[in-house]
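Asks: Contents of model-v4.cif (mmCIF, C-alpha atoms) are given next:
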data_final
loop_
_atom_site.label_atom_id
_atom_site.label_comp_id
_atom_site.auth_asym_id
_atom_site.auth_seq_id
_atom_site.Cartn_x
_atom_site.Cartn_y
_atom_site.Cartn_z
CA MET A 1 -4.67 -25.25 -30.57
CA ASP A 2 -2.55 -23.76 -33.38
CA LYS A 3 -0.94 -20.30 -33.42
CA GLU A 4 -3.49 -18.79 -35.80
CA GLN A 5 -6.38 -19.77 -33.58
CA ILE A 6 -4.61 -18.25 -30.57
CA ARG A 7 -4.00 -15.03 -32.51
CA GLU A 8 -7.68 -14.76 -33.43
CA ARG A 9 -8.73 -15.26 -29.82
CA ILE A 10 -6.25 -12.63 -28.64
CA LYS A 11 -7.59 -10.09 -31.18
CA ARG A 12 -11.02 -10.35 -29.56
CA LEU A 13 -9.71 -9.50 -26.10
CA ASP A 14 -9.78 -6.06 -24.49
CA PRO A 15 -6.86 -3.94 -25.82
CA THR A 16 -5.30 -3.73 -22.34
CA MET A 17 -5.36 -7.52 -22.12
CA GLN A 18 -3.64 -7.68 -25.51
CA GLU A 19 -0.89 -5.36 -24.23
CA PHE A 20 -0.57 -7.54 -21.13
CA LEU A 21 -0.06 -10.62 -23.29
CA LYS A 22 2.42 -8.89 -25.59
CA PHE A 23 4.73 -7.81 -22.79
CA GLY A 24 4.30 -11.12 -20.97
CA VAL A 25 5.65 -12.86 -24.07
CA ARG A 26 8.55 -10.40 -24.32
CA LEU A 27 9.47 -11.07 -20.70
CA GLY A 28 9.36 -14.83 -21.21
CA LEU A 29 6.45 -15.34 -18.80
CA PHE A 30 4.03 -16.47 -21.49
CA ASP A 31 4.94 -19.12 -24.03
CA THR A 32 3.49 -22.06 -25.95
CA LYS A 33 3.24 -24.04 -22.71
CA ASN A 34 0.89 -21.64 -20.93
CA ILE A 35 -0.56 -19.25 -23.52
CA ASP A 36 -3.74 -21.27 -24.10
CA ARG A 37 -4.44 -21.37 -20.35
CA ILE A 38 -3.79 -17.64 -19.97
CA VAL A 39 -5.92 -16.62 -22.95
CA ASP A 40 -8.71 -18.85 -21.64
CA LEU A 41 -8.62 -17.11 -18.24
CA LEU A 42 -8.57 -13.66 -19.84
CA GLU A 43 -11.55 -14.61 -22.04
CA LYS A 44 -13.44 -15.52 -18.88
CA SER A 45 -12.48 -12.21 -17.27
CA ASP A 46 -13.77 -8.73 -17.90
CA ILE A 47 -12.84 -5.12 -17.17
CA VAL A 48 -15.61 -3.00 -15.71
CA TYR A 49 -15.27 0.75 -15.16
CA VAL A 50 -17.03 1.95 -12.03
CA ASP A 51 -17.43 5.20 -10.12
CA ASN A 52 -16.41 3.87 -6.73
CA ILE A 53 -14.51 0.95 -5.17
CA GLY A 54 -14.14 0.39 -1.45
CA GLY A 55 -15.36 3.79 -0.35
CA GLY A 56 -13.33 5.54 -3.04
CA GLN A 57 -10.00 4.18 -1.77
CA ALA A 58 -9.20 1.48 -4.33
CA ALA A 59 -8.10 2.17 -7.90
CA ALA A 60 -8.85 -1.35 -9.14
CA GLN A 61 -9.85 -4.70 -7.74
CA ALA A 62 -10.09 -8.21 -9.19
CA GLU A 63 -13.01 -10.32 -7.94
CA ASP A 64 -13.70 -14.00 -8.62
CA LYS A 65 -16.34 -14.92 -11.20
CA GLU A 66 -18.25 -18.19 -11.22
CA ASN A 67 -16.73 -19.20 -14.56
CA GLY A 68 -13.20 -19.19 -13.11
CA GLY A 69 -12.24 -15.77 -14.44
CA LYS A 70 -11.98 -12.41 -12.71
CA SER A 71 -14.11 -9.30 -12.88
CA ILE A 72 -11.66 -6.40 -12.77
CA LYS A 73 -13.34 -3.28 -11.42
CA VAL A 74 -11.52 -0.07 -12.30
CA CYS A 75 -12.08 3.44 -10.95
CA LYS A 76 -10.42 5.91 -13.32
CA GLU A 77 -11.00 8.81 -10.92
CA VAL A 78 -8.90 7.16 -8.21
CA ILE A 79 -6.19 6.17 -10.71
CA GLU A 80 -5.94 9.76 -11.94
CA ARG A 81 -5.91 11.13 -8.39
CA GLU A 82 -3.16 8.73 -7.34
CA ALA A 83 -1.09 9.34 -10.47
CA ASN A 84 -1.21 13.10 -9.85
CA GLY A 85 -0.43 12.66 -6.17
CA PHE A 86 2.57 10.44 -6.84
CA GLY A 87 3.81 12.50 -9.78
CA ARG A 88 3.40 9.52 -12.10
CA ASN A 89 2.68 9.59 -15.82
CA LEU A 90 -1.05 8.81 -16.03
CA GLU A 91 -0.77 6.37 -18.94
CA GLU A 92 2.02 4.42 -17.24
CA TYR A 93 0.24 4.35 -13.90
CA PHE A 94 -3.04 3.24 -15.45
CA GLU A 95 -1.32 0.38 -17.26
CA GLU A 96 0.65 -0.61 -14.15
CA THR A 97 -2.62 -0.85 -12.24
CA MET A 98 -4.26 -2.89 -14.99
CA PHE A 99 -1.29 -5.23 -15.47
CA HIS A 100 -1.28 -5.84 -11.71
CA GLU A 101 -4.93 -6.88 -11.67
CA LEU A 102 -4.60 -8.94 -14.84
CA THR A 103 -1.76 -10.86 -13.19
CA HIS A 104 -4.19 -11.78 -10.42
CA ALA A 105 -6.55 -12.99 -13.15
CA ILE A 106 -4.01 -15.44 -14.63
CA GLY A 107 -2.33 -16.59 -11.43
CA PRO A 108 -2.97 -19.87 -9.64
CA LYS A 109 -6.24 -19.99 -7.77
CA SER A 110 -5.56 -20.07 -4.06
CA PRO A 111 -7.89 -22.14 -1.90
CA ASN A 112 -10.15 -20.06 0.34
CA SER A 113 -8.26 -21.46 3.31
CA ILE A 114 -4.71 -22.78 3.29
CA LYS A 115 -5.63 -24.48 6.52
CA GLU A 116 -8.43 -26.51 4.91
CA LYS A 117 -6.22 -27.51 1.99
CA ILE A 118 -3.52 -28.80 4.32
CA ARG A 119 -6.09 -30.44 6.60
CA ASN A 120 -7.44 -32.43 3.63
CA MET A 121 -3.93 -33.69 2.88
CA LYS A 122 -3.60 -35.20 6.36
CA SER A 123 -4.69 -38.61 7.58
CA ASP A 124 -7.95 -38.79 9.52
CA SER A 125 -6.08 -39.57 12.72
CA ASP A 126 -4.07 -36.35 12.46
CA LYS A 127 -6.91 -34.03 11.52
CA GLU A 128 -8.31 -33.68 15.02
CA LYS A 129 -4.90 -32.80 16.50
CA PHE A 130 -4.27 -30.37 13.65
CA ASP A 131 -7.57 -28.61 14.31
CA GLU A 132 -6.84 -28.27 18.02
CA TRP A 133 -3.70 -26.21 17.65
CA THR A 134 -4.73 -24.22 14.57
CA ASN A 135 -7.97 -22.92 16.11
CA SER A 136 -6.17 -20.26 18.09
CA GLN A 137 -6.10 -16.48 18.15
CA GLU A 138 -2.50 -16.60 16.96
CA PHE A 139 -3.54 -17.94 13.56
CA ILE A 140 -6.81 -16.06 13.07
CA TYR A 141 -5.76 -14.68 9.65
CA ASP A 142 -4.29 -17.88 8.19
CA TYR A 143 -6.50 -17.55 5.11
CA LEU A 144 -4.82 -14.25 4.16
CA GLY A 145 -1.28 -15.63 4.05
CA TRP A 146 -1.30 -16.30 0.33
CA GLU A 147 -2.12 -12.62 -0.26
CA VAL A 148 1.46 -11.63 0.59
CA VAL A 149 2.89 -13.85 -2.15
CA ASP A 150 0.10 -13.06 -4.62
CA GLU A 151 0.42 -9.27 -4.32
CA ILE A 152 4.19 -9.36 -4.72
CA MET A 153 3.82 -11.55 -7.81
CA ALA A 154 1.29 -9.16 -9.34
CA GLN A 155 3.25 -5.98 -8.62
CA SER A 156 6.52 -7.51 -9.81
CA VAL A 157 4.94 -8.51 -13.13
CA ALA A 158 3.24 -5.13 -13.57
CA GLN A 159 6.45 -3.19 -13.01
CA ALA A 160 8.48 -5.47 -15.27
CA MET A 161 5.98 -4.83 -18.06
CA ILE A 162 6.03 -1.06 -17.53
CA LYS A 163 9.83 -1.02 -17.62
CA GLU A 164 9.81 -3.14 -20.78
CA LYS A 165 7.44 -0.70 -22.48
CA TYR A 166 8.60 2.71 -21.21
CA GLN A 167 12.09 2.55 -19.68
CA LYS A 168 13.85 3.49 -22.92
CA GLU A 169 12.17 6.92 -22.70
CA TYR A 170 13.94 7.71 -19.40
CA THR A 171 17.53 8.23 -18.33
CA GLU A 172 16.74 7.15 -14.73
CA PRO A 173 14.94 3.97 -13.59
CA ILE A 174 11.16 4.35 -13.51
CA TYR A 175 11.08 2.57 -10.15
CA GLN A 176 13.69 3.77 -7.71
CA THR A 177 15.07 1.30 -5.17
CA LYS A 178 14.63 2.68 -1.68
CA HIS A 179 15.79 1.67 1.77
CA SER A 180 13.22 2.42 4.43
CA THR A 181 11.79 1.37 7.79
CA PHE A 182 8.35 -0.07 8.40
CA LYS A 183 7.04 0.72 11.87
CA TYR A 184 4.02 -0.99 13.38
CA ASN A 185 2.41 0.70 16.35
CA GLU A 186 -1.07 -0.77 16.21
CA TYR A 187 -2.45 1.77 13.74
CA GLY A 188 -1.13 4.71 15.74
CA LYS A 189 -2.97 3.77 18.92
CA ILE A 190 0.08 3.32 21.15
CA PRO A 191 3.19 5.48 21.69
CA ASP A 192 5.89 5.20 19.04
CA GLU A 193 8.47 3.96 21.53
CA GLU A 194 6.42 0.79 21.93
CA ALA A 195 6.35 0.11 18.19
CA TYR A 196 8.08 -2.74 16.39
CA SER A 197 9.98 -1.95 13.20
CA PHE A 198 12.10 -3.57 10.53
CA GLU A 199 14.13 -2.22 7.63
CA TYR A 200 13.56 -3.16 4.01
CA THR A 201 14.93 -2.39 0.56
CA SER A 202 12.70 -2.60 -2.52
CA ASP A 203 11.91 -0.99 -5.86
CA LEU A 204 8.23 -1.97 -5.71
CA PHE A 205 5.93 1.01 -5.99
CA TRP A 206 3.38 -0.86 -3.87
CA TYR A 207 3.94 -3.58 -1.23
CA GLY A 208 7.68 -3.01 -0.93
CA GLU A 209 7.48 -3.34 2.85
CA ILE A 210 6.23 -6.95 2.58
CA GLU A 211 8.24 -8.03 -0.47
CA GLN A 212 10.96 -9.71 1.57
CA PHE A 213 8.48 -12.02 3.29
CA ALA A 214 7.28 -13.32 -0.09
CA LEU A 215 10.85 -13.73 -1.35
CA ASP A 216 11.92 -15.50 1.83
CA PHE A 217 8.94 -17.82 1.57
CA LEU A 218 10.02 -18.71 -1.97
CA LYS A 219 13.60 -19.26 -0.81
CA ALA A 220 12.27 -22.04 1.38
CA LEU A 221 10.52 -23.48 -1.67
CA TYR A 222 13.26 -23.18 -4.30
CA GLY A 223 16.39 -22.68 -2.22
CA LYS A 224 16.77 -19.13 -3.55
CA ALA A 225 14.58 -16.17 -4.44
CA ASP A 226 14.75 -16.68 -8.20
CA ALA A 227 12.29 -14.19 -9.71
CA ASN A 228 12.30 -15.82 -13.14
CA VAL A 229 11.48 -19.27 -11.75
CA TYR A 230 8.65 -18.29 -9.46
CA LEU A 231 7.05 -15.86 -11.89
CA LYS A 232 7.10 -18.53 -14.59
CA ASP A 233 5.51 -21.07 -12.24
CA TYR A 234 2.95 -18.42 -11.34
CA ALA A 235 2.09 -17.85 -15.00
CA ASP A 236 1.98 -21.59 -15.68
CA GLY A 237 -0.47 -22.03 -12.79
CA ASN A 238 1.87 -24.48 -11.05
CA LEU A 239 2.99 -22.46 -8.05
CA LEU A 240 0.47 -23.73 -5.50
CA GLU A 241 0.90 -27.31 -6.65
CA LYS A 242 4.66 -27.04 -6.26
CA ILE A 243 4.28 -25.52 -2.81
CA PHE A 244 2.03 -28.27 -1.49
CA ASN A 245 3.95 -31.09 -3.17
CA GLU A 246 7.29 -29.85 -1.87
CA TYR A 247 6.18 -29.43 1.73
CA GLY A 248 4.38 -32.77 1.60
CA LYS A 249 7.81 -34.45 1.19
CA ARG A 250 9.19 -32.95 4.39
CA LYS A 251 8.54 -34.36 7.84
CA GLY A 252 6.21 -31.88 9.51
CA GLY A 253 6.42 -29.77 6.36
CA LEU A 254 2.69 -29.25 5.93
CA ASP A 255 2.36 -28.00 9.51
CA ASN A 256 5.22 -25.56 8.95
CA LEU A 257 3.70 -24.47 5.63
CA TYR A 258 0.47 -23.70 7.46
CA LYS A 259 2.32 -21.76 10.16
CA MET A 260 4.23 -19.68 7.61
CA MET A 261 1.02 -18.85 5.78
CA ALA A 262 -0.71 -18.00 9.06
CA TYR A 263 2.13 -15.74 10.18
CA MET A 264 2.10 -14.02 6.79
CA GLY A 265 -1.64 -13.51 7.24
CA ASN A 266 -0.97 -11.68 10.51
CA ILE A 267 1.79 -9.65 8.86
CA VAL A 268 -0.38 -8.49 5.96
CA VAL A 269 -3.28 -7.53 8.25
CA CYS A 270 -0.96 -5.43 10.40
CA ASP A 271 0.68 -3.90 7.33
CA TYR A 272 -2.62 -2.97 5.69
CA ASN A 273 -4.12 -1.64 8.92
CA GLN A 274 -1.05 0.48 9.66
CA GLN A 275 -1.22 2.07 6.22
CA GLY A 276 -4.99 2.46 6.14
CA TYR A 277 -5.56 0.17 3.14
CA TYR A 278 -8.57 -1.49 4.74
CA GLY A 279 -10.42 1.67 5.69
CA ASP A 280 -12.43 2.01 8.88
CA ASN A 281 -15.06 -0.69 8.35
CA ALA A 282 -13.24 -3.65 6.83
CA GLY A 283 -13.83 -5.96 9.79
CA TYR A 284 -10.14 -6.73 10.38
CA ALA A 285 -8.90 -6.28 13.93
CA ASN A 286 -5.68 -4.45 14.66
CA LEU A 287 -3.29 -7.01 16.13
CA ASP A 288 -1.16 -5.84 19.02
CA VAL A 289 2.55 -5.15 18.64
CA PRO A 290 3.76 -8.38 20.36
CA THR A 291 1.59 -10.46 17.97
CA PHE A 292 3.05 -8.67 14.95
CA LYS A 293 6.61 -9.02 16.27
CA ASN A 294 6.06 -12.71 16.97
CA ALA A 295 4.64 -13.27 13.47
CA VAL A 296 7.69 -11.70 11.82
CA GLU A 297 10.22 -13.52 13.97
CA GLN A 298 8.53 -16.93 13.86
CA PHE A 299 8.04 -16.68 10.10
CA GLU A 300 11.72 -15.95 9.52
CA LYS A 301 12.75 -18.80 11.85
CA LEU A 302 10.58 -21.26 9.89
CA VAL A 303 11.93 -20.01 6.56
CA GLU A 304 15.51 -20.66 7.65
CA PHE A 305 14.60 -24.10 8.96
CA GLU A 306 12.77 -25.15 5.78
CA LYS A 307 15.35 -23.65 3.43
CA ASP A 308 18.11 -25.68 5.08
CA ARG A 309 16.25 -28.97 4.58
CA LEU A 310 15.01 -28.35 1.05
CA VAL A 311 14.58 -31.69 -0.73
CA LYS A 312 16.82 -31.62 -3.81
#
Please go through the file and, once you have read it, give me the structure as structure tokens.
Replies:
Amino acid sequence: MDKEQIRERIKRLDPTMQEFLKFGVRLGLFDTKNIDRIVDLLEKSDIVYVDNIGGGQAAAQAEDKENGGKSIKVCKEVIEREANGFGRNLEEYFEETMFHELTHAIGPKSPNSIKEKIRNMKSDSDKEKFDEWTNSQEFIYDYLGWEVVDEIMAQSVAQAMIKEKYQKEYTEPIYQTKHSTFKYNEYGKIPDEEAYSFEYTSDLFWYGEIEQFALDFLKALYGKADANVYLKDYADGNLLEKIFNEYGKRKGGLDNLYKMMAYMGNIVVCDYNQQGYYGDNAGYANLDVPTFKNAVEQFEKLVEFEKDRLVK
């Protein structure tokens, strides 16, 4: 499709989507290789303004549509409340929220279960053994593992776009890098001295406490946490394919890929529960402190192992 046809299609998109495309091009995420795919996904997506999402807790949420796009539900009341509470410029914060959800709309589609994807890549003789050890309490949230990577991708893109658009108006960085400690004590239900904690450094306004897990996972894929490479693969829609192809080359790689995703699933459930993101009735159990500690430590051990044997 030629450039003029692409321009005409872009003009018919929601203005926020047009801004998203403009800054994606400036950042080098969108180009002639992927622009047709991205515009197609945005055409299949819509932005719906609603009065309430998730009991009034969520500002915006992207949900799958049958046509392959996303329905992005937006609650302006929550966005305004959060912007005021955080001391953020409302226009910037609104666009950050929208750019985040639009990144979900153009990213690679994760399978409903990483486990099932990997299982289908195995020989019939190995499937039964694979099922035996994966059907355990330890890996109950395997299907949420991709969420760690996906949320970091989306927030990184959103903030990069906001900085590209607004940073020149400020003398200080819009997003301050902070060093902090994340403490997990089973949603406050056990004494603090029994908690497990780790330190982290991040400039992400959201999800900073889990950013390092996503970056470490990508180190094991690329050999280094190269933001430009993984964000470009994300925009091209190639990230999942690269992940599965790469681990398929390594002896036992698919099993370790599954384990890393499963441990990240446990990590994100604990993180969200600790911070109250899920609310009271989300149906996710609070995992105990030893399970969380084990997930963090085993994940990091697997990352180091896989990074060292990266197939060049």
Asks: My list of candidates is A:Lys168, A:Lys115, A:Lys127, A:Lys73. Which is closest to Gly145 of chain A when distances are computed with all atoms listed in the file?
Replies: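 Result for the nearest residue to Gly145 of chain A: A:Lys115.
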Asks: Between A:Met17, A:Ile35, A:Ala158, A:Ala195, single out the one closest to Tyr175 of chain A, counting only C-alpha atoms.
Replies: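 Residue with the minimum atom-to-atom distance to Tyr175 of chain A: A:Ala158.
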Asks: What residues come out when you apply the PyMOL selection byres ((chain A and resi 139) around 9) to this file, written as a PyMOL selection string?
Replies: chain A and resi 134-138+140-143+259+262-263+265-266
Asks: Would you write out, as a list of chain:residue names, every residue that the PyMOL selection byres ((chain A and resi 302-307) around 9) captures in this file?
Replies: A:Asp216, A:Phe217, A:Leu218, A:Lys219, A:Ala220, A:Leu221, A:Tyr222, A:Gly223, A:Lys224, A:Tyr247, A:Arg250, A:Gly253, A:Asn256, A:Leu257, A:Lys259, A:Met260, A:Glu297, A:Gln298, A:Phe299, A:Glu300, A:Lys301, A:Asp308, A:Arg309, A:Leu310
Asks: To one decimal place in Å, what is the distance between atom CA of Phe20 of chain A and atom CA of His100 of chain A?
Replies: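 Separating atom CA of Phe20 of chain A from atom CA of His100 of chain A is a distance of 9.6 Å.
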Asks: Write out as an NGL selection string which residues come within 9 Å of segment 5-14 of chain A when counting all atoms listed in the file, dropping same-chain ones fewer than 6 positions away.
Replies: :A and (21 or 35-36 or 39-40 or 42-43 or 46-47)
Asks: Here is a test: counting only C-alpha atoms, which residue of A:Ser197, A:Asp2, A:Ala160, A:Phe205 is nearest to Arg88 of chain A?
Replies: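 Nearest candidate to Arg88 of chain A out of A:Ser197, A:Asp2, A:Ala160, A:Phe205: A:Phe205.
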Asks: Could you please determine the separation between atom CA of Glu194 of chain A and atom CA of Tyr277 of chain A in Å, to one decimal place?
Replies: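 Separating atom CA of Glu194 of chain A from atom CA of Tyr277 of chain A is a distance of 22.3 Å.
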Asks: Pick the closest to Asp233 of chain A from A:Asp31, A:Asp288, A:Glu151, A:Glu80: which is it, counting all atoms listed in the file?
Replies: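 Using all atoms listed in the file, the shortest distance to Asp233 of chain A belongs to A:Asp31.
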Asks: Exactly which residues make up the result of the PyMOL selection byres ((chain A and resi 96) around 12) on this file, given as a PyMOL selection string?
Replies: chain A and resi 16+19-20+23+59-60+79+83+88-95+97-103+154-166+174-175+204-206
Asks: Return as lines of an AutoDock Vina configuration file the centre and edge lengths, in Å with one decimal, of the box along x, y and z that encloses every atom of segment 237-242 of chain A in the file, padded by 8 Å per side.
Replies:
center_x = 2.1
center_y = -24.7
center_z = -9.1
size_x = 21.1
size_y = 21.3
size_z = 23.3
Asks: A:Val25, A:Leu215, A:Leu144, A:Ile118: which is nearest Tyr230 of chain A, counting all atoms listed in the file?
Replies: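 Ranked by minimum distance to Tyr230 of chain A, first place goes to A:Leu215.
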Asks: Please determine, counting all atoms listed in the file, which residue among A:Val74, A:Val268, A:Ala227, A:Ala105 has the shortest atom-to-atom distance to Lys44 of chain A.
Replies: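 Among the listed residues, A:Ala105 lies closest to Lys44 of chain A.
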Asks: How would segment 140-163 of chain A read, as a CSV table (one decimal), in the frame of the given file, once N, CA and C atoms are built in?
Replies:
chain,number,residue,atom,x,y,z
A,140,ILE,N,-5.5,-16.5,13.5
A,140,ILE,CA,-6.8,-16.1,13.1
A,140,ILE,C,-6.9,-15.6,11.6
A,141,TYR,N,-5.8,-15.2,11.0
A,141,TYR,CA,-5.8,-14.7,9.6
A,141,TYR,C,-5.0,-15.6,8.7
A,142,ASP,N,-5.0,-16.9,9.0
A,142,ASP,CA,-4.3,-17.9,8.2
A,142,ASP,C,-4.7,-17.8,6.7
A,143,TYR,N,-6.0,-17.5,6.5
A,143,TYR,CA,-6.5,-17.6,5.1
A,143,TYR,C,-6.0,-16.4,4.3
A,144,LEU,N,-5.3,-15.4,4.9
A,144,LEU,CA,-4.8,-14.2,4.2
A,144,LEU,C,-3.3,-14.4,3.8
A,145,GLY,N,-2.7,-15.5,4.3
A,145,GLY,CA,-1.3,-15.6,4.0
A,145,GLY,C,-0.9,-15.6,2.6
A,146,TRP,N,-1.6,-16.3,1.7
A,146,TRP,CA,-1.3,-16.3,0.3
A,146,TRP,C,-1.3,-14.9,-0.3
A,147,GLU,N,-2.0,-14.0,0.3
A,147,GLU,CA,-2.1,-12.6,-0.3
A,147,GLU,C,-0.8,-11.9,-0.3
A,148,VAL,N,0.1,-12.2,0.6
A,148,VAL,CA,1.5,-11.6,0.6
A,148,VAL,C,2.2,-12.0,-0.7
A,149,VAL,N,2.2,-13.3,-1.0
A,149,VAL,CA,2.9,-13.8,-2.2
A,149,VAL,C,2.2,-13.3,-3.4
A,150,ASP,N,0.9,-13.4,-3.4
A,150,ASP,CA,0.1,-13.1,-4.6
A,150,ASP,C,0.3,-11.6,-5.0
A,151,GLU,N,0.3,-10.7,-4.0
A,151,GLU,CA,0.4,-9.3,-4.3
A,151,GLU,C,1.8,-8.9,-4.8
A,152,ILE,N,2.8,-9.6,-4.3
A,152,ILE,CA,4.2,-9.4,-4.7
A,152,ILE,C,4.4,-9.9,-6.1
A,153,MET,N,3.8,-11.0,-6.4
A,153,MET,CA,3.8,-11.6,-7.8
A,153,MET,C,3.2,-10.5,-8.8
A,154,ALA,N,2.0,-10.0,-8.4
A,154,ALA,CA,1.3,-9.2,-9.3
A,154,ALA,C,2.0,-7.8,-9.5
A,155,GLN,N,2.5,-7.3,-8.5
A,155,GLN,CA,3.2,-6.0,-8.6
A,155,GLN,C,4.6,-6.1,-9.3
A,156,SER,N,5.3,-7.3,-9.1
A,156,SER,CA,6.5,-7.5,-9.8
A,156,SER,C,6.3,-7.6,-11.3
A,157,VAL,N,5.2,-8.4,-11.7
A,157,VAL,CA,4.9,-8.5,-13.1
A,157,VAL,C,4.6,-7.2,-13.7
A,158,ALA,N,3.7,-6.4,-13.0
A,158,ALA,CA,3.2,-5.1,-13.6
A,158,ALA,C,4.4,-4.2,-13.8
A,159,GLN,N,5.3,-4.1,-12.9
A,159,GLN,CA,6.4,-3.2,-13.0
A,159,GLN,C,7.4,-3.7,-14.1
A,160,ALA,N,7.6,-5.0,-14.2
A,160,ALA,CA,8.5,-5.5,-15.3
A,160,ALA,C,7.9,-5.1,-16.6
A,161,MET,N,6.6,-5.2,-16.8
A,161,MET,CA,6.0,-4.8,-18.1
A,161,MET,C,6.1,-3.3,-18.4
A,162,ILE,N,5.9,-2.5,-17.3
A,162,ILE,CA,6.0,-1.1,-17.5
A,162,ILE,C,7.5,-0.7,-17.9
A,163,LYS,N,8.4,-1.3,-17.3
A,163,LYS,CA,9.8,-1.0,-17.6
A,163,LYS,C,10.1,-1.5,-19.0
